[in-house]
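start.cif, holding mmCIF, C-alpha atoms and all ligand atoms:
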```
data_start
#
loop_
_atom_site.label_atom_id
_atom_site.label_comp_id
_atom_site.auth_asym_id
_atom_site.auth_seq_id
_atom_site.Cartn_x
_atom_site.Cartn_y
_atom_site.Cartn_z
CA MET A 32 4.77 6.24 0.37
CA ARG A 33 8.07 6.67 2.28
CA THR A 34 8.87 3.04 3.03
CA TYR A 35 7.75 -0.25 1.52
CA THR A 36 8.15 -3.40 3.56
CA THR A 37 4.66 -4.80 4.23
CA ALA A 38 1.21 -5.24 2.67
CA LYS A 39 -0.04 -2.51 5.01
CA ASP A 40 2.20 0.07 3.31
CA LEU A 41 -0.02 -0.27 0.21
CA GLY A 42 -3.12 0.81 2.13
CA ASN A 43 -6.23 -0.71 0.55
CA LEU A 44 -4.85 -3.87 -1.06
CA GLU A 45 -7.73 -4.33 -3.47
CA GLN A 46 -7.17 -0.81 -4.78
CA ALA A 47 -3.44 -1.48 -5.08
CA VAL A 48 -4.15 -4.57 -7.20
CA GLN A 49 -6.55 -2.58 -9.40
CA GLU A 50 -3.87 0.09 -9.82
CA ALA A 51 -1.40 -2.65 -10.78
CA LEU A 52 -3.75 -4.13 -13.37
CA SER A 53 -4.38 -0.70 -14.83
CA ILE A 54 -0.61 -0.03 -15.04
CA LYS A 55 -0.21 -3.41 -16.70
CA ARG A 56 -2.65 -2.37 -19.43
CA ASN A 57 -0.66 0.82 -20.04
CA ARG A 58 2.75 0.75 -18.43
CA PHE A 59 3.86 4.05 -19.98
CA ALA A 60 0.88 6.10 -18.74
CA PHE A 61 3.10 7.84 -16.16
CA LYS A 62 6.27 8.10 -18.22
CA HIS A 63 6.82 11.75 -17.22
CA LEU A 64 6.31 11.24 -13.48
CA GLY A 65 9.92 10.22 -12.90
CA GLU A 66 11.59 12.66 -15.27
CA ASN A 67 15.00 13.77 -13.91
CA LYS A 68 14.52 11.53 -10.89
CA THR A 69 16.92 8.71 -10.06
CA CYS A 70 16.21 5.30 -8.58
CA LEU A 71 19.22 3.74 -6.85
CA MET A 72 19.13 -0.02 -6.39
CA VAL A 73 21.62 -1.34 -3.84
CA PHE A 74 22.39 -5.07 -3.91
CA PHE A 75 24.22 -6.85 -1.11
CA ASN A 76 23.15 -10.18 -2.70
CA ASN A 77 22.61 -11.73 -6.12
CA SER A 78 19.48 -11.18 -8.20
CA LEU A 79 18.07 -11.78 -11.66
CA ARG A 80 14.39 -10.83 -11.47
CA THR A 81 14.53 -8.02 -8.94
CA ARG A 82 17.42 -6.37 -10.75
CA LEU A 83 15.73 -6.45 -14.16
CA SER A 84 12.10 -5.87 -13.19
CA THR A 85 12.76 -2.97 -10.82
CA GLN A 86 14.97 -1.18 -13.34
CA LYS A 87 12.34 -1.73 -16.01
CA ALA A 88 9.61 -0.39 -13.72
CA ALA A 89 11.64 2.75 -12.94
CA MET A 90 12.36 3.25 -16.66
CA ASN A 91 8.65 2.91 -17.49
CA LEU A 92 8.12 5.86 -15.15
CA GLY A 93 10.78 7.90 -16.95
CA MET A 94 13.37 7.60 -14.19
CA ASN A 95 17.11 7.15 -14.43
CA THR A 96 18.43 4.09 -12.64
CA ILE A 97 21.73 3.34 -10.91
CA VAL A 98 22.53 -0.18 -9.80
CA LEU A 99 25.17 -0.66 -7.12
CA ASP A 100 26.51 -4.11 -6.34
CA VAL A 101 28.04 -3.44 -2.97
CA ASN A 102 30.23 -6.53 -3.07
CA GLN A 103 31.62 -5.81 -6.52
CA GLY A 104 33.53 -2.57 -6.89
CA ALA A 105 32.33 -0.63 -3.84
CA TRP A 106 34.31 -0.51 -0.59
CA LYS A 107 33.69 -3.33 1.83
CA LEU A 108 31.22 -2.00 4.38
CA GLU A 109 31.17 -2.33 8.15
CA THR A 110 27.60 -2.51 9.45
CA GLU A 111 28.00 -2.62 13.25
CA ARG A 112 28.54 0.52 15.32
CA GLY A 113 31.40 0.54 17.78
CA VAL A 114 33.67 -1.80 15.81
CA ILE A 115 37.36 -0.79 15.61
CA MET A 116 37.73 -0.86 11.85
CA ASP A 117 41.20 -2.39 11.58
CA GLY A 118 40.08 -5.30 9.38
CA ASP A 119 39.22 -5.60 5.69
CA LYS A 120 36.27 -3.17 5.74
CA SER A 121 37.23 0.28 4.48
CA GLU A 122 33.99 2.19 4.99
CA HIS A 123 31.08 2.24 7.42
CA LEU A 124 27.48 1.94 6.30
CA LEU A 125 26.72 5.03 8.41
CA GLU A 126 28.73 7.18 5.96
CA ALA A 127 27.98 5.13 2.85
CA ILE A 128 24.19 5.39 3.21
CA PRO A 129 23.89 9.20 3.41
CA VAL A 130 26.41 9.43 0.56
CA MET A 131 24.21 7.15 -1.56
CA GLY A 132 21.27 9.38 -0.67
CA GLN A 133 23.06 12.36 -2.26
CA PHE A 134 22.77 10.85 -5.72
CA CYS A 135 19.22 9.56 -5.94
CA ASP A 136 15.58 10.25 -5.07
CA ILE A 137 14.44 6.73 -4.17
CA ILE A 138 16.42 3.72 -2.91
CA GLY A 139 15.74 -0.01 -3.19
CA VAL A 140 17.77 -2.34 -0.96
CA ARG A 141 18.49 -6.06 -1.22
CA SER A 142 20.07 -7.36 1.94
CA PHE A 143 19.32 -10.98 2.85
CA ALA A 144 19.22 -12.49 6.29
CA ARG A 145 22.74 -13.40 7.41
CA PHE A 146 21.78 -16.04 9.96
CA GLU A 147 24.51 -14.82 12.29
CA SER A 148 22.05 -13.29 14.73
CA LYS A 149 18.27 -13.66 14.69
CA LYS A 150 18.00 -10.29 16.45
CA PHE A 151 20.14 -8.51 13.84
CA ASP A 152 18.07 -10.08 11.03
CA TYR A 153 14.59 -9.66 12.52
CA GLU A 154 15.24 -6.06 13.55
CA GLU A 155 15.96 -5.42 9.84
CA THR A 156 19.14 -3.69 10.97
CA ILE A 157 20.51 -2.95 7.48
CA LEU A 158 17.24 -1.84 5.86
CA ASN A 159 16.35 0.34 8.83
CA GLN A 160 19.69 2.10 8.61
CA PHE A 161 18.84 3.01 5.02
CA ILE A 162 15.43 4.27 6.13
CA LYS A 163 16.98 6.29 8.95
CA TYR A 164 20.08 7.73 7.31
CA SER A 165 19.49 8.00 3.54
CA GLY A 166 16.92 10.81 3.67
CA ARG A 167 15.09 9.05 0.81
CA PRO A 168 12.05 6.80 0.45
CA VAL A 169 13.29 3.20 0.77
CA PHE A 170 11.78 -0.03 -0.51
CA SER A 171 12.81 -3.57 0.30
CA MET A 172 14.02 -5.65 -2.65
CA GLU A 173 14.20 -8.62 -0.23
CA SER A 174 15.66 -7.62 3.04
CA ALA A 175 16.37 -9.85 6.04
CA THR A 176 12.75 -10.75 6.83
CA VAL A 177 10.52 -9.60 3.94
CA HIS A 178 10.21 -9.60 0.15
CA PRO A 179 7.13 -7.42 -0.41
CA LEU A 180 7.68 -6.75 -4.15
CA GLN A 181 7.52 -10.51 -4.69
CA ALA A 182 4.42 -11.00 -2.54
CA PHE A 183 2.62 -8.14 -4.27
CA ALA A 184 3.45 -9.64 -7.68
CA ASP A 185 2.18 -13.00 -6.39
CA LEU A 186 -1.10 -11.42 -5.29
CA ILE A 187 -1.52 -9.73 -8.69
CA THR A 188 -0.92 -13.13 -10.36
CA ILE A 189 -3.51 -14.87 -8.16
CA GLU A 190 -5.98 -12.09 -8.91
CA GLU A 191 -5.43 -12.58 -12.66
CA TYR A 192 -5.79 -16.37 -12.66
CA LYS A 193 -8.32 -17.12 -9.91
CA LYS A 194 -11.54 -18.81 -11.03
CA THR A 195 -13.47 -18.36 -7.79
CA LYS A 196 -13.97 -15.30 -5.65
CA ARG A 197 -12.13 -16.80 -2.69
CA PRO A 198 -9.57 -19.33 -3.92
CA LYS A 199 -7.72 -21.78 -1.70
CA VAL A 200 -4.03 -20.87 -1.66
CA VAL A 201 -1.57 -23.35 -0.17
CA MET A 202 1.97 -22.30 0.63
CA THR A 203 4.03 -25.43 1.03
CA TRP A 204 7.59 -25.85 2.27
CA ALA A 205 9.73 -27.96 -0.08
CA PRO A 206 13.29 -29.29 0.24
CA HIS A 207 16.41 -27.36 -0.78
CA PRO A 208 20.13 -28.07 -0.27
CA LYS A 209 21.02 -24.68 1.25
CA ALA A 210 19.62 -22.69 4.15
CA LEU A 211 17.30 -20.02 2.73
CA PRO A 212 15.77 -16.96 4.41
CA GLN A 213 12.15 -16.75 5.58
CA ALA A 214 11.62 -13.46 3.73
CA VAL A 215 9.59 -14.84 0.81
CA PRO A 216 7.21 -17.00 2.91
CA ASN A 217 6.91 -14.22 5.52
CA SER A 218 5.76 -11.66 2.95
CA PHE A 219 3.58 -14.13 1.08
CA ALA A 220 1.80 -14.92 4.36
CA ASP A 221 1.55 -11.20 5.17
CA PHE A 222 -0.17 -10.51 1.84
CA MET A 223 -2.39 -13.61 1.78
CA ASN A 224 -3.65 -12.81 5.27
CA GLU A 225 -4.81 -9.43 3.96
CA ALA A 226 -6.31 -10.82 0.72
CA ASP A 227 -9.64 -12.52 0.07
CA VAL A 228 -8.26 -16.07 -0.03
CA ASP A 229 -8.45 -19.25 2.03
CA PHE A 230 -4.80 -19.44 3.09
CA VAL A 231 -3.07 -22.60 4.33
CA ILE A 232 0.59 -23.14 5.22
CA ALA A 233 2.01 -26.69 5.05
CA GLN A 234 5.41 -27.40 6.57
CA PRO A 235 7.33 -30.11 8.41
CA LYS A 236 7.57 -29.79 12.20
CA GLY A 237 10.10 -27.18 13.30
CA TYR A 238 9.51 -24.89 10.32
CA GLU A 239 6.95 -22.64 12.05
CA LEU A 240 7.31 -19.04 10.86
CA ASP A 241 7.12 -15.83 12.90
CA GLU A 242 3.61 -15.31 14.32
CA LYS A 243 3.80 -11.71 13.16
CA PHE A 244 3.40 -13.00 9.58
CA VAL A 245 1.42 -16.23 10.11
CA ARG A 246 -1.35 -14.49 12.10
CA ASN A 247 -4.63 -16.36 11.48
CA ALA A 248 -3.44 -18.62 8.65
CA LYS A 249 -4.25 -22.33 8.90
CA VAL A 250 -1.05 -24.25 9.58
CA THR A 251 -0.66 -27.99 9.02
CA TYR A 252 2.16 -30.56 9.04
CA ASN A 253 0.32 -32.72 6.51
CA GLN A 254 1.09 -31.58 2.98
CA ASP A 255 -1.33 -33.97 1.24
CA GLU A 256 -4.21 -32.80 3.41
CA ALA A 257 -3.35 -29.15 2.71
CA LEU A 258 -3.21 -29.71 -1.06
CA GLU A 259 -6.71 -31.16 -1.22
CA GLY A 260 -8.90 -28.77 -3.17
CA ALA A 261 -6.14 -26.17 -3.56
CA ASP A 262 -6.53 -23.63 -6.38
CA PHE A 263 -2.96 -22.34 -6.08
CA VAL A 264 0.11 -24.19 -4.85
CA TYR A 265 2.88 -21.82 -3.78
CA ALA A 266 6.06 -23.81 -3.14
CA LYS A 267 9.03 -22.40 -1.26
CA ASN A 268 11.86 -23.57 0.89
CA TRP A 269 12.81 -21.75 4.06
CA SER A 270 15.12 -22.48 6.94
CA ALA A 271 13.94 -22.79 10.54
CA TYR A 272 12.82 -19.61 12.28
CA LYS A 273 12.29 -20.95 15.79
CA ASP A 274 15.00 -21.07 18.44
CA PRO A 275 17.36 -22.79 18.92
CA ASN A 276 17.44 -23.73 15.22
CA TYR A 277 17.21 -20.29 13.60
CA GLY A 278 18.63 -20.39 10.06
CA GLN A 279 19.17 -24.14 10.08
CA ILE A 280 18.06 -26.92 7.74
CA LEU A 281 15.98 -29.42 9.72
CA SER A 282 14.79 -31.56 6.82
CA LYS A 283 15.58 -32.40 3.22
CA ASP A 284 12.60 -34.74 2.97
CA MET A 285 12.08 -35.27 -0.76
CA SER A 286 8.54 -36.53 -0.15
CA TRP A 287 7.67 -32.80 0.07
CA THR A 288 8.83 -32.11 -3.51
CA VAL A 289 5.85 -30.91 -5.57
CA ASP A 290 5.31 -33.54 -8.27
CA THR A 291 2.39 -34.59 -10.50
CA LYS A 292 1.04 -36.92 -7.78
CA LYS A 293 0.88 -34.03 -5.34
CA MET A 294 -0.72 -31.75 -7.91
CA ALA A 295 -3.33 -34.46 -8.60
CA LEU A 296 -4.63 -33.92 -5.04
CA THR A 297 -5.54 -30.32 -5.86
CA ASN A 298 -8.42 -28.66 -7.67
CA ASN A 299 -6.31 -28.61 -10.87
CA ALA A 300 -4.26 -25.96 -9.10
CA TYR A 301 -1.87 -23.49 -10.61
CA PHE A 302 1.75 -23.89 -9.53
CA MET A 303 3.66 -20.84 -8.31
CA HIS A 304 7.22 -20.17 -7.19
CA CYS A 305 9.10 -16.88 -6.87
CA LEU A 306 12.21 -18.27 -8.65
CA PRO A 307 15.07 -19.04 -8.71
CA VAL A 308 13.97 -22.64 -8.20
CA ARG A 309 15.93 -25.88 -7.87
CA ARG A 310 14.21 -28.36 -10.15
CA ASN A 311 13.55 -31.82 -8.78
CA MET A 312 14.18 -30.54 -5.25
CA ILE A 313 11.33 -28.02 -4.88
CA VAL A 314 9.32 -29.06 -7.94
CA THR A 315 9.65 -31.67 -10.67
CA ASP A 316 10.36 -30.81 -14.31
CA ASP A 317 6.88 -32.02 -15.26
CA VAL A 318 5.06 -29.70 -12.87
CA ILE A 319 7.09 -26.57 -13.55
CA GLU A 320 6.76 -27.15 -17.31
CA SER A 321 3.04 -27.95 -17.15
CA ALA A 322 0.28 -25.71 -18.46
CA GLN A 323 -0.66 -25.02 -14.81
CA SER A 324 2.72 -23.48 -14.02
CA LEU A 325 2.58 -19.70 -13.56
CA VAL A 326 6.24 -19.10 -12.76
CA ILE A 327 6.95 -16.99 -15.86
CA PRO A 328 3.90 -14.67 -15.76
CA GLU A 329 4.45 -14.46 -11.99
CA ALA A 330 8.01 -13.22 -12.60
CA GLY A 331 6.66 -10.86 -15.26
CA ASN A 332 4.40 -9.27 -12.67
CA ARG A 333 7.47 -8.16 -10.72
CA GLU A 334 7.72 -5.25 -13.13
CA ILE A 335 4.15 -4.28 -12.29
CA SER A 336 4.42 -4.56 -8.52
CA ALA A 337 7.63 -2.52 -8.58
CA GLN A 338 6.01 0.10 -10.76
CA VAL A 339 3.11 0.65 -8.36
CA VAL A 340 5.53 1.02 -5.44
CA ILE A 341 7.95 3.37 -7.23
CA LYS A 342 5.05 5.42 -8.64
CA ARG A 343 3.62 5.91 -5.16
CA MET A 344 7.05 6.92 -3.84
CA LEU A 345 7.48 9.42 -6.67
CA GLU A 346 4.08 10.86 -5.85
CA SER A 347 5.18 11.41 -2.25
CA LEU A 348 8.43 13.26 -3.07
C1 LIG A 401 16.46 -16.42 -2.10
C2 LIG A 401 15.49 -16.72 -0.96
O1 LIG A 401 14.99 -17.84 -0.87
O2 LIG A 401 15.20 -15.82 -0.15
C3 LIG A 401 15.87 -15.42 -3.05
C4 LIG A 401 14.50 -15.70 -3.55
C5 LIG A 401 13.89 -14.58 -4.29
N1 LIG A 401 16.74 -17.64 -2.81
C6 LIG A 401 17.95 -18.13 -2.96
O3 LIG A 401 18.90 -17.61 -2.41
C7 LIG A 401 18.12 -19.36 -3.80
N1 LIG A 402 12.22 -13.70 -7.10
C1 LIG A 402 13.32 -12.92 -7.00
O1 LIG A 402 13.37 -11.97 -6.23
O2 LIG A 402 14.32 -13.25 -7.85
P1 LIG A 402 15.80 -12.65 -7.84
O3 LIG A 402 16.45 -13.15 -6.59
O4 LIG A 402 16.44 -13.22 -9.07
O5 LIG A 402 15.73 -11.18 -7.87
#
```

Just give me the structure as structure tokens.
Amino acid sequence: MRTYTTAKDLGNLEQAVQEALSIKRNRFAFKHLGENKTCLMVFFNNSLRTRLSTQKAAMNLGMNTIVLDVNQGAWKLETERGVIMDGDKSEHLLEAIPVMGQFCDIIGVRSFARFESKKFDYEETILNQFIKYSGRPVFSMESATVHPLQAFADLITIEEYKKTKRPKVVMTWAPHPKALPQAVPNSFADFMNEADVDFVIAQPKGYELDEKFVRNAKVTYNQDEALEGADFVYAKNWSAYKDPNYGQILSKDMSWTVDTKKMALTNNAYFMHCLPVRRNMIVTDDVIESAQSLVIPEAGNREISAQVVIKRMLESL
């Protein structure tokens, strides 16, 4: 595997999940595969889970890891071509990326949507420059429009906890004080559309996501109706995708917060969230602390999803 941004990159998804579950049973089975190989993780934005789980996954495979926080200690980077660099940015990404490629075998990149230009974000300008100029396999650790390590971990979690062959999975928008990217819901939709689940998206009007990710999913503006009979409730906030409101907050409607009343509408559903989560905005204390909450094992599966991806990249070197 040379790039990892979508469910498709994993090929047969069922096989990928089986590989993940097998790695989970013995995470050190391939501890020599990455010997003398280096995984570079480049962060343009904050992270807790991705930072820890991806390093752990690389270490399980015997790799060395280097973590670079671009905004702390590295030169400030210009990302646009053609700019006269007389401001505060000392280096251009077009030199920095191939330099980074000199010191590693595989690169992970975290670079969130900036909401300055929908085109810049949805063309995955930063990630694609890494793919083009680093000379290394590149995986997204949440880039402008996708978070495929998260969605793969979510799928593994659903596979582990599902009680029926084809569970009903509801992804619901929930309120948040800041404008958040669409990357997590985009990738979750991408993966659920490829998985054997009944997938429903519930959102207030104006929060429609990119068709490229929604595809054939059922979409409703009625959260209660969506939650009926749900086996998994996947809560997430995102900002508007559609023009002219791209990147904007259109609603902070607290009636969309997932609470015990909402969960009572479901088929005793499990609660999921990628974390970090704002309690009592997205989900109440009671629900996230309940026995049905999967947020911790879900985060734990980030190590496993990352390990499958890095293993496959090592195998392609
Ligand atoms: C980010 C987001 O919603 O995309 C990262 C989630 C993994 N969340 C925040 O910035 C709070
Ligand atoms: N879920 C997730 O990617 O968390 P971090 O932002 O902490 O890495």

Contacts of chain A with ligand LIG 401 (chain A) up to 6 Å, shortest pair per row, only C-alpha atoms and all ligand atoms, as a Markdown table:
```
| residue | atom | partner | partner_atom | distance |
| --- | --- | --- | --- | --- |
| A:Leu211 | CA | A:LIG401 | O1 | 4.8 |
| A:Pro212 | CA | A:LIG401 | O2 | 4.7 |
| A:Ala214 | CA | A:LIG401 | O2 | 5.8 |
| A:Val215 | CA | A:LIG401 | O2 | 5.8 |
| A:Cys305 | CA | A:LIG401 | C5 | 5.9 |
| A:Leu306 | CA | A:LIG401 | C5 | 6.0 |
| A:Pro307 | CA | A:LIG401 | C7 | 5.8 |
```

Counting all atoms listed in the file, give me one row per residue of chain A with an atom at most 12 Å from an atom of ligand LIG 402 (chain A), showing the shortest contact pair and its distance in Å to one decimal, sorted by chain then residue number, as a tab-separated table.
```
residue	atom	partner	partner_atom	distance
A:Met72	CA	A:LIG402	O5	11.8
A:Phe74	CA	A:LIG402	O5	9.9
A:Phe75	CA	A:LIG402	O3	11.4
A:Asn76	CA	A:LIG402	O3	8.3
A:Asn77	CA	A:LIG402	O3	6.3
A:Ser78	CA	A:LIG402	O4	3.8
A:Leu79	CA	A:LIG402	O4	3.4
A:Arg80	CA	A:LIG402	O5	3.9
A:Thr81	CA	A:LIG402	O5	3.5
A:Arg82	CA	A:LIG402	O5	5.9
A:Leu83	CA	A:LIG402	O5	7.9
A:Ser84	CA	A:LIG402	O5	8.3
A:Thr85	CA	A:LIG402	O5	9.2
A:Gln86	CA	A:LIG402	O5	11.4
A:Val140	CA	A:LIG402	O5	11.4
A:Arg141	CA	A:LIG402	O5	8.8
A:Ser142	CA	A:LIG402	O3	10.9
A:Phe143	CA	A:LIG402	O3	10.1
A:Ser171	CA	A:LIG402	O1	10.7
A:Met172	CA	A:LIG402	O1	7.3
A:Glu173	CA	A:LIG402	O1	6.9
A:Ser174	CA	A:LIG402	O1	10.5
A:Val177	CA	A:LIG402	O1	10.8
A:His178	CA	A:LIG402	O1	7.5
A:Pro179	CA	A:LIG402	O1	9.7
A:Leu180	CA	A:LIG402	O1	8.0
A:Gln181	CA	A:LIG402	N1	6.2
A:Ala182	CA	A:LIG402	N1	9.4
A:Phe183	CA	A:LIG402	N1	11.4
A:Ala184	CA	A:LIG402	N1	9.7
A:Asp185	CA	A:LIG402	N1	10.1
A:Leu211	CA	A:LIG402	O3	11.6
A:Pro212	CA	A:LIG402	O3	11.7
A:Ala214	CA	A:LIG402	O1	10.2
A:Val215	CA	A:LIG402	N1	8.4
A:Pro216	CA	A:LIG402	N1	11.7
A:Ser218	CA	A:LIG402	O1	11.9
A:Phe219	CA	A:LIG402	N1	11.9
A:Lys267	CA	A:LIG402	N1	11.0
A:Met303	CA	A:LIG402	N1	11.2
A:His304	CA	A:LIG402	N1	8.2
A:Cys305	CA	A:LIG402	N1	4.5
A:Leu306	CA	A:LIG402	N1	4.8
A:Pro307	CA	A:LIG402	O2	5.9
A:Val308	CA	A:LIG402	N1	9.2
A:Val326	CA	A:LIG402	N1	9.8
A:Ile327	CA	A:LIG402	N1	10.7
A:Glu329	CA	A:LIG402	N1	9.2
A:Ala330	CA	A:LIG402	N1	6.9
A:Gly331	CA	A:LIG402	N1	10.3
A:Asn332	CA	A:LIG402	N1	10.6
A:Arg333	CA	A:LIG402	N1	8.1
A:Glu334	CA	A:LIG402	O1	11.2
A:Ser336	CA	A:LIG402	O1	11.8
A:Ala337	CA	A:LIG402	O1	11.3
```

Gln323 of chain A: which residues within 7 Å, counting all atoms listed in the file, same-chain residues fewer than 6 positions away excluded, as a PyMOL selection string?
chain A and resi 300-302

Would you mind telling me which residue in A:Ala322, A:Leu44, A:Cys135, A:Ala51 lies nearest to Asn224 of chain A when using all atoms listed in the file?
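Smallest separation from Asn224 of chain A among the options: A:Leu44.
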
Suppose you want the space between atom CA of Leu296 of chain A and atom CA of Ala271 of chain A; what is it in Å?
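These atoms are spaced 26.7 Å apart.
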
Got a sec to check which residues sit within 9 Å of (-6.2, -29.0, 2.5), counting only C-alpha atoms, and write them as a list of chain:residue names?
A:Lys199, A:Val201, A:Val231, A:Ala233, A:Thr251, A:Asn253, A:Gln254, A:Asp255, A:Glu256, A:Ala257, A:Leu258, A:Glu259, A:Gly260, A:Ala261, A:Thr297

Correct to one decimal, the distance atom CA of Ile313 of chain A-atom CA of His207 of chain A is 6.6 Å

What separation in Å, quoted to one decimal, exists between atom CA of Leu52 of chain A and atom CA of Ala175 of chain A?
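Rounded to one decimal, the two atoms are 28.5 Å apart.
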
Any chance you could model N, CA and C atoms for segment 280-291 of chain A and send them as an mmCIF file, in the frame of the given file?
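Okay, this is what ended up in result_26.cif:
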```cif
data_model
loop_
_atom_site.group_PDB
_atom_site.id
_atom_site.type_symbol
_atom_site.label_atom_id
_atom_site.label_comp_id
_atom_site.auth_asym_id
_atom_site.auth_seq_id
_atom_site.Cartn_x
_atom_site.Cartn_y
_atom_site.Cartn_z
ATOM 1 N N ILE A 280 18.831 -25.944 8.520
ATOM 2 C CA ILE A 280 18.060 -26.920 7.740
ATOM 3 C C ILE A 280 17.707 -28.077 8.679
ATOM 4 N N LEU A 281 16.419 -28.337 8.827
ATOM 5 C CA LEU A 281 15.980 -29.420 9.720
ATOM 6 C C LEU A 281 15.572 -30.651 8.924
ATOM 7 N N SER A 282 15.276 -30.438 7.634
ATOM 8 C CA SER A 282 14.790 -31.560 6.820
ATOM 9 C C SER A 282 15.142 -31.336 5.363
ATOM 10 N N LYS A 283 15.449 -32.441 4.690
ATOM 11 C CA LYS A 283 15.580 -32.400 3.220
ATOM 12 C C LYS A 283 14.651 -33.466 2.646
ATOM 13 N N ASP A 284 13.532 -33.666 3.309
ATOM 14 C CA ASP A 284 12.600 -34.740 2.970
ATOM 15 C C ASP A 284 12.019 -34.547 1.568
ATOM 16 N N MET A 285 12.476 -35.407 0.649
ATOM 17 C CA MET A 285 12.080 -35.270 -0.760
ATOM 18 C C MET A 285 10.623 -35.697 -1.000
ATOM 19 N N SER A 286 9.972 -36.223 0.020
ATOM 20 C CA SER A 286 8.540 -36.530 -0.150
ATOM 21 C C SER A 286 7.720 -35.234 -0.157
ATOM 22 N N TRP A 287 8.361 -34.100 0.137
ATOM 23 C CA TRP A 287 7.670 -32.800 0.070
ATOM 24 C C TRP A 287 7.853 -32.113 -1.275
ATOM 25 N N THR A 288 8.657 -32.678 -2.164
ATOM 26 C CA THR A 288 8.830 -32.110 -3.510
ATOM 27 C C THR A 288 7.476 -32.096 -4.218
ATOM 28 N N VAL A 289 7.148 -30.999 -4.878
ATOM 29 C CA VAL A 289 5.850 -30.910 -5.570
ATOM 30 C C VAL A 289 5.969 -31.620 -6.916
ATOM 31 N N ASP A 290 5.281 -32.760 -7.032
ATOM 32 C CA ASP A 290 5.310 -33.540 -8.270
ATOM 33 C C ASP A 290 3.887 -33.723 -8.805
ATOM 34 N N THR A 291 3.729 -34.464 -9.889
ATOM 35 C CA THR A 291 2.390 -34.590 -10.500
ATOM 36 C C THR A 291 1.405 -35.292 -9.566
#
```
